[in-house]
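File shown: data_37.txt. Contents: compact mmCIF, C-alpha atoms.
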# COMPACT_ATOMS: atom_id res chain seq x y z
CA MET R 1 0.00 0.00 0.00
CA ASN R 2 1.57 3.31 -1.03
CA THR R 3 1.62 6.44 1.09
CA GLN R 4 -1.19 8.16 -0.82
CA THR R 5 -3.45 5.13 -0.40
CA GLN R 6 -2.64 5.00 3.31
CA THR R 7 -3.46 8.71 3.64
CA ASN R 8 -6.75 8.19 1.81
CA GLU R 9 -7.64 5.16 3.91
CA GLU R 10 -6.97 7.21 7.05
CA ALA R 11 -9.16 10.04 5.75
CA ILE R 12 -12.01 7.62 5.02
CA LYS R 13 -11.71 6.02 8.46
CA GLN R 14 -11.75 9.49 10.01
CA ASN R 15 -14.96 10.16 8.09
CA MET R 16 -16.51 6.99 9.50
CA ALA R 17 -15.48 8.17 12.97
CA ALA R 18 -17.05 11.57 12.18
CA PHE R 19 -20.20 9.72 11.12
CA ALA R 20 -20.40 8.02 14.54
CA ASN R 21 -19.51 11.26 16.35
CA ALA R 22 -22.26 13.22 14.56
CA TRP R 23 -24.72 10.48 15.48
CA ASN R 24 -23.59 10.47 19.09
CA ILE R 25 -24.02 14.23 19.55
CA HIS R 26 -27.31 13.90 17.62
CA ASP R 27 -26.28 16.54 15.10
CA ALA R 28 -28.19 15.89 11.88
CA GLN R 29 -26.47 18.71 10.02
CA ALA R 30 -22.97 17.41 10.79
CA PHE R 31 -24.18 13.90 9.95
CA ALA R 32 -25.64 14.91 6.59
CA ALA R 33 -22.58 17.02 5.76
CA LEU R 34 -20.62 13.77 5.35
CA PHE R 35 -22.76 12.98 2.31
CA ALA R 36 -22.49 14.39 -1.19
CA GLU R 37 -25.22 16.87 -2.15
CA GLU R 38 -26.87 14.13 -4.24
CA GLY R 39 -25.95 11.26 -1.90
CA ASP R 40 -28.24 8.26 -1.50
CA PHE R 41 -29.08 6.59 1.82
CA ILE R 42 -31.02 3.32 1.98
CA ASN R 43 -32.10 2.86 5.57
CA PHE R 44 -32.62 -0.38 7.51
CA MET R 45 -36.29 -0.47 6.46
CA GLY R 46 -35.40 -0.26 2.77
CA GLY R 47 -36.47 3.39 2.58
CA TRP R 48 -34.56 5.65 0.20
CA LEU R 49 -33.39 9.07 1.35
CA GLN R 50 -32.34 11.03 -1.71
CA GLY R 51 -29.88 13.86 -1.22
CA ARG R 52 -28.20 15.56 1.71
CA SER R 53 -31.19 17.66 2.72
CA GLU R 54 -33.50 14.64 2.96
CA ILE R 55 -30.82 12.73 4.91
CA GLU R 56 -30.56 15.68 7.31
CA ARG R 57 -34.32 16.04 7.73
CA ALA R 58 -34.87 12.32 8.44
CA HIS R 59 -32.04 12.18 10.97
CA ALA R 60 -33.05 15.43 12.67
CA GLU R 61 -36.40 13.77 13.28
CA ILE R 62 -35.01 10.61 14.88
CA PHE R 63 -32.27 12.47 16.79
CA ALA R 64 -35.05 14.50 18.43
CA THR R 65 -37.14 11.45 19.30
CA VAL R 66 -36.31 7.72 19.37
CA MET R 67 -32.57 8.24 18.92
CA ARG R 68 -32.13 11.19 21.28
CA GLN R 69 -30.26 9.13 23.87
CA SER R 70 -28.72 6.67 21.42
CA HIS R 71 -25.07 5.88 20.97
CA ILE R 72 -23.54 4.23 17.93
CA THR R 73 -20.20 2.47 17.66
CA VAL R 74 -18.76 1.63 14.24
CA ILE R 75 -16.42 -1.36 14.15
CA ASP R 76 -14.72 -3.67 11.66
CA THR R 77 -14.30 -0.95 9.04
CA ARG R 78 -12.83 -2.32 5.84
CA VAL R 79 -11.88 0.02 3.01
CA LYS R 80 -11.50 -1.27 -0.54
CA PHE R 81 -10.31 1.11 -3.24
CA ILE R 82 -11.97 0.75 -6.64
CA LYS R 83 -10.10 3.76 -7.98
CA PRO R 84 -7.58 6.00 -6.22
CA ASP R 85 -10.51 8.36 -5.51
CA VAL R 86 -13.39 5.86 -5.15
CA ALA R 87 -13.69 3.38 -2.29
CA VAL R 88 -16.25 0.93 -0.95
CA VAL R 89 -16.38 0.67 2.83
CA HIS R 90 -17.93 -2.18 4.78
CA ALA R 91 -18.53 -1.74 8.50
CA VAL R 92 -20.65 -2.95 11.40
CA TRP R 93 -22.56 -0.63 13.73
CA ILE R 94 -23.73 -1.31 17.26
CA LEU R 95 -26.51 0.88 18.58
CA ASP R 96 -27.41 1.34 22.23
CA GLY R 97 -29.90 3.61 23.94
CA GLN R 98 -32.65 3.74 21.36
CA ILE R 99 -36.14 4.20 22.81
CA THR R 100 -39.58 3.53 21.41
CA PRO R 101 -41.90 6.48 20.64
CA ASP R 102 -43.44 5.96 24.10
CA GLY R 103 -40.09 5.93 25.86
CA LYS R 104 -39.33 2.25 26.41
CA GLU R 105 -35.78 0.97 26.00
CA VAL R 106 -35.00 -0.87 22.75
CA PRO R 107 -32.48 -3.73 23.07
CA GLN R 108 -29.05 -3.26 21.51
CA ARG R 109 -29.16 -3.43 17.72
CA LYS R 110 -26.45 -4.29 15.22
CA GLY R 111 -26.21 -3.78 11.51
CA ARG R 112 -23.91 -3.66 8.57
CA PHE R 113 -23.48 -1.08 5.90
CA THR R 114 -21.91 -0.66 2.52
CA VAL R 115 -20.67 2.87 1.92
CA VAL R 116 -19.50 4.25 -1.42
CA THR R 117 -17.21 7.22 -0.98
CA THR R 118 -15.45 9.47 -3.47
CA GLN R 119 -12.82 12.13 -3.20
CA GLY R 120 -13.44 15.54 -4.67
CA ASP R 121 -12.05 18.97 -3.83
CA GLY R 122 -9.71 17.33 -1.35
CA ASN R 123 -12.47 15.75 0.73
CA TRP R 124 -14.00 12.29 0.86
CA GLN R 125 -17.79 12.30 0.68
CA ILE R 126 -20.36 9.53 0.91
CA VAL R 127 -22.19 9.14 -2.39
CA ALA R 128 -24.20 6.07 -1.38
CA LEU R 129 -24.85 4.17 1.85
CA GLN R 130 -27.05 1.18 2.47
CA ASN R 131 -27.88 -0.15 5.89
CA THR R 132 -29.16 -3.59 6.87
CA GLU R 133 -29.91 -4.83 10.36
CA ILE R 134 -28.02 -7.96 11.37
CA VAL R 135 -30.58 -10.63 12.12
CA THR R 136 -29.43 -13.49 14.29
CA LEU R 137 -30.72 -17.03 14.13
CA PRO R 138 -33.58 -16.85 16.65
CA ASN R 139 -35.32 -14.48 14.19
CA PHE R 140 -34.22 -16.46 11.16
CA LYS R 141 -36.45 -15.90 8.18
CA PRO R 142 -35.59 -18.18 5.29
CA MET B 1 -25.90 11.78 -21.89
CA ASN B 2 -23.33 10.82 -24.53
CA THR B 3 -23.44 7.66 -26.64
CA GLN B 4 -20.80 5.84 -24.59
CA THR B 5 -22.68 6.54 -21.36
CA GLN B 6 -25.91 5.31 -22.95
CA THR B 7 -24.17 2.12 -24.10
CA ASN B 8 -22.78 1.57 -20.60
CA GLU B 9 -26.14 2.22 -18.98
CA GLU B 10 -27.71 -0.33 -21.32
CA ALA B 11 -24.99 -2.89 -20.48
CA ILE B 12 -25.56 -2.37 -16.74
CA LYS B 13 -29.33 -2.72 -17.12
CA GLN B 14 -28.78 -5.90 -19.13
CA ASN B 15 -26.66 -7.20 -16.24
CA MET B 16 -29.47 -6.47 -13.81
CA ALA B 17 -31.81 -8.39 -16.13
CA ALA B 18 -29.26 -11.24 -16.21
CA PHE B 19 -29.22 -11.13 -12.41
CA ALA B 20 -33.00 -11.66 -12.31
CA ASN B 21 -32.82 -14.31 -15.05
CA ALA B 22 -30.15 -16.31 -13.22
CA TRP B 23 -32.28 -16.15 -10.08
CA ASN B 24 -35.38 -17.25 -11.96
CA ILE B 25 -33.73 -20.32 -13.48
CA HIS B 26 -32.13 -20.95 -10.06
CA ASP B 27 -28.62 -21.04 -11.53
CA ALA B 28 -26.19 -20.09 -8.78
CA GLN B 29 -23.18 -20.25 -11.08
CA ALA B 30 -24.67 -17.82 -13.62
CA PHE B 31 -25.81 -15.63 -10.72
CA ALA B 32 -22.36 -15.54 -9.11
CA ALA B 33 -20.68 -14.97 -12.48
CA LEU B 34 -22.15 -11.46 -12.48
CA PHE B 35 -19.93 -10.62 -9.51
CA ALA B 36 -16.25 -9.80 -9.50
CA GLU B 37 -13.98 -12.53 -8.15
CA GLU B 38 -13.62 -10.52 -4.92
CA GLY B 39 -17.17 -9.13 -4.92
CA ASP B 40 -19.02 -8.46 -1.69
CA PHE B 41 -22.67 -9.32 -1.05
CA ILE B 42 -24.48 -8.16 2.09
CA ASN B 43 -27.70 -10.11 2.29
CA PHE B 44 -31.05 -9.05 3.77
CA MET B 45 -30.05 -10.46 7.18
CA GLY B 46 -26.88 -8.40 7.28
CA GLY B 47 -24.71 -11.41 6.48
CA TRP B 48 -21.59 -10.84 4.44
CA LEU B 49 -20.76 -13.15 1.53
CA GLN B 50 -17.17 -12.50 0.51
CA GLY B 51 -16.17 -13.37 -3.02
CA ARG B 52 -17.81 -15.06 -6.00
CA SER B 53 -17.40 -18.62 -4.74
CA GLU B 54 -19.10 -17.83 -1.43
CA ILE B 55 -21.89 -16.01 -3.28
CA GLU B 56 -22.34 -19.06 -5.51
CA ARG B 57 -22.34 -21.53 -2.61
CA ALA B 58 -24.92 -19.57 -0.58
CA HIS B 59 -27.24 -19.14 -3.55
CA ALA B 60 -26.89 -22.75 -4.69
CA GLU B 61 -28.13 -23.68 -1.23
CA ILE B 62 -31.25 -21.49 -1.30
CA PHE B 63 -31.98 -22.21 -4.99
CA ALA B 64 -32.12 -25.91 -4.03
CA THR B 65 -34.42 -25.31 -1.05
CA VAL B 66 -36.51 -22.31 0.01
CA MET B 67 -36.03 -20.43 -3.29
CA ARG B 68 -36.44 -23.37 -5.64
CA GLN B 69 -39.81 -22.15 -6.92
CA SER B 70 -39.15 -18.46 -6.42
CA HIS B 71 -39.35 -15.71 -9.03
CA ILE B 72 -37.74 -12.31 -8.74
CA THR B 73 -38.61 -9.15 -10.66
CA VAL B 74 -36.25 -6.19 -10.59
CA ILE B 75 -37.87 -2.80 -11.14
CA ASP B 76 -37.09 0.92 -10.83
CA THR B 77 -33.44 0.47 -11.80
CA ARG B 78 -31.55 3.73 -11.56
CA VAL B 79 -27.95 3.95 -12.74
CA LYS B 80 -25.68 6.73 -11.53
CA PHE B 81 -22.18 6.98 -12.96
CA ILE B 82 -19.44 7.97 -10.51
CA LYS B 83 -16.77 7.50 -13.17
CA PRO B 84 -17.15 6.45 -16.80
CA ASP B 85 -16.36 2.89 -15.63
CA VAL B 86 -17.87 2.92 -12.12
CA ALA B 87 -21.60 3.14 -11.44
CA VAL B 88 -23.93 2.84 -8.46
CA VAL B 89 -27.25 1.17 -9.21
CA HIS B 90 -30.36 1.39 -7.05
CA ALA B 91 -33.23 -0.98 -7.72
CA VAL B 92 -36.22 -2.65 -6.10
CA TRP B 93 -36.87 -6.39 -6.19
CA ILE B 94 -40.14 -8.23 -5.79
CA LEU B 95 -39.96 -11.89 -4.81
CA ASP B 96 -42.74 -14.41 -5.22
CA GLY B 97 -42.85 -18.14 -4.63
CA GLN B 98 -40.48 -18.47 -1.70
CA ILE B 99 -41.29 -21.36 0.63
CA THR B 100 -40.32 -22.09 4.22
CA PRO B 101 -37.97 -25.01 4.98
CA ASP B 102 -41.10 -27.13 5.65
CA GLY B 103 -42.76 -26.14 2.37
CA LYS B 104 -45.21 -23.41 3.34
CA GLU B 105 -45.71 -20.42 1.06
CA VAL B 106 -44.01 -17.19 2.09
CA PRO B 107 -45.93 -14.00 1.24
CA GLN B 108 -44.52 -11.75 -1.47
CA ARG B 109 -41.43 -9.88 -0.32
CA LYS B 110 -39.90 -6.63 -1.55
CA GLY B 111 -36.53 -5.11 -1.04
CA ARG B 112 -34.09 -2.59 -2.30
CA PHE B 113 -30.48 -2.88 -3.19
CA THR B 114 -27.47 -0.74 -3.83
CA VAL B 115 -25.12 -2.24 -6.40
CA VAL B 116 -21.61 -1.00 -7.17
CA THR B 117 -20.50 -2.06 -10.62
CA THR B 118 -17.27 -1.51 -12.53
CA GLN B 119 -16.16 -2.08 -16.07
CA GLY B 120 -13.07 -4.12 -16.76
CA ASP B 121 -12.01 -6.16 -19.77
CA GLY B 122 -15.08 -4.92 -21.61
CA ASN B 123 -17.57 -6.29 -19.08
CA TRP B 124 -19.46 -4.75 -16.20
CA GLN B 125 -19.14 -6.70 -12.97
CA ILE B 126 -20.71 -6.25 -9.55
CA VAL B 127 -18.06 -5.40 -6.97
CA ALA B 128 -20.49 -4.82 -4.08
CA LEU B 129 -24.18 -5.36 -3.48
CA GLN B 130 -26.21 -4.75 -0.36
CA ASN B 131 -29.77 -5.88 0.08
CA THR B 132 -32.38 -4.64 2.54
CA GLU B 133 -35.95 -5.83 2.86
CA ILE B 134 -38.56 -3.11 2.48
CA VAL B 135 -40.52 -3.00 5.72
CA THR B 136 -43.94 -1.44 5.56
CA LEU B 137 -45.63 0.40 8.37
CA PRO B 138 -47.50 -2.47 10.08
CA ASN B 139 -44.08 -3.86 11.03
CA PHE B 140 -42.64 -0.46 11.83
CA LYS B 141 -39.75 -0.64 14.22
CA PRO B 142 -38.57 2.77 15.34
So, in terms of structure tokens, how does the structure I just supplied come out?
Amino acid sequence: MNTQTQTNEEAIKQNMAAFANAWNIHDAQAFAALFAEEGDFINFMGGWLQGRSEIERAHAEIFATVMRQSHITVIDTRVKFIKPDVAVVHAVWILDGQITPDGKEVPQRKGRFTVVTTQGDGNWQIVALQNTEIVTLPNFKP
Amino acid sequence: MNTQTQTNEEAIKQNMAAFANAWNIHDAQAFAALFAEEGDFINFMGGWLQGRSEIERAHAEIFATVMRQSHITVIDTRVKFIKPDVAVVHAVWILDGQITPDGKEVPQRKGRFTVVTTQGDGNWQIVALQNTEIVTLPNFKP
């Protein structure tokens, strides 16, 4: 791995850390700012948020309600470069502290995402992210 | 959109049609052949299939069992080029005919996927795909 690739991998991992940090301070604007203007976000329910402003709006809503005490940890981040300035990231998230709309605790959740990120104007931005909850065997659905 | 981009978009859409066709004839080898050797597949349960041979093995298993009578339709395919030879595809799938391990009919399912595809040696290949089931409001989980 050459120095430029290492630098880029570090920058992408810092962005994933910024993603978790924005979530953990419940800052939808900072969260959405990690996405490209026309970025796409497929959420864990298969819903499609199209563009940074929609991503911000949807997260502002949950950060004010069911996610207002939540904490996310992103682990097992793997970066694969498709081009020097295009990478696909796989990572696992662990979410604690979610509540239901009527205030009950939700058990810890885990999921996995695929993130497509590109470099432009010196920064790495997320152009597409898809999120899927990790379902363990007791809930197995064939 | 220039002619080359149109040609590439057509080739990618043909690959998505080939994806559905391989599923519908329950041919795991043809299905896996659409992926790059090192392609990544995150399934609807958040499981990670790493590489073409693992993708083939997992699909051979379900095509022989719960998916052996299933039929998939891929709709609403949208292709966005990140580079002339790198595109992100969003699409919806509709699955009919799945059965449970003990032979009961599973209701129609729908999902959405993000597909990262690159061109090399004249062909477009899937380098990453993530799948998420579309959950409708009766099952809403905050």
Legend entry - Residue list for chain R near chain B as a PyMOL selection string, 10 Å, all atoms listed in the file: chain R and resi 40-48+62+65-67+82-83+85-86+88-90+92+98-101+106+110-118+127-137+139-142
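Reported to one decimal place, the separation of atom CA of R:Ala87 from atom CA of R:His59 is 24.3 Å.
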Inset, instruction - Measure the distance from atom CA of R:Thr3 to atom CA of R:Val74 in Å and round it to one decimal. - result: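 For atom CA of R:Thr3 relative to atom CA of R:Val74, the distance reads 24.7 Å.
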Selection: 12 Å around B:Gln6, all atoms listed in the file, excl. self and same-chain fewer than 4 positions, as a PDB file with C-alpha atoms, in the frame of the given file:
ATOM      1  CA  MET B   1     -25.900  11.780 -21.890  1.00  0.00           C
ATOM      2  CA  ASN B   2     -23.330  10.820 -24.530  1.00  0.00           C
ATOM      3  CA  GLU B  10     -27.710  -0.330 -21.320  1.00  0.00           C
ATOM      4  CA  ALA B  11     -24.990  -2.890 -20.480  1.00  0.00           C
ATOM      5  CA  ILE B  12     -25.560  -2.370 -16.740  1.00  0.00           C
ATOM      6  CA  LYS B  13     -29.330  -2.720 -17.120  1.00  0.00           C
ATOM      7  CA  VAL B  79     -27.950   3.950 -12.740  1.00  0.00           C
ATOM      8  CA  LYS B  80     -25.680   6.730 -11.530  1.00  0.00           C
ATOM      9  CA  PHE B  81     -22.180   6.980 -12.960  1.00  0.00           C
ATOM     10  CA  PRO B  84     -17.150   6.450 -16.800  1.00  0.00           C
TER      11      PRO B  84
END
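With all atoms listed in the file as the atoms that count, the minimum distance from B:Glu9 to the choices B:Gln108, B:Leu34, B:Asp27, B:Arg78 is reached by B:Arg78.
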Legend entry - Length of the atom CA of B:Gly122 to atom CA of B:Ala22 vector [Å]: 20.7 Å
Report, as lines of an AutoDock Vina configuration file, the axis-aligned box around all atoms of stretch 67-74 of chain B present in the file, extended by 3 Å on each side; give centre and edge lengths in Å to one decimal place.
center_x = -37.9
center_y = -14.8
center_z = -7.0
size_x = 9.8
size_y = 23.2
size_z = 13.4
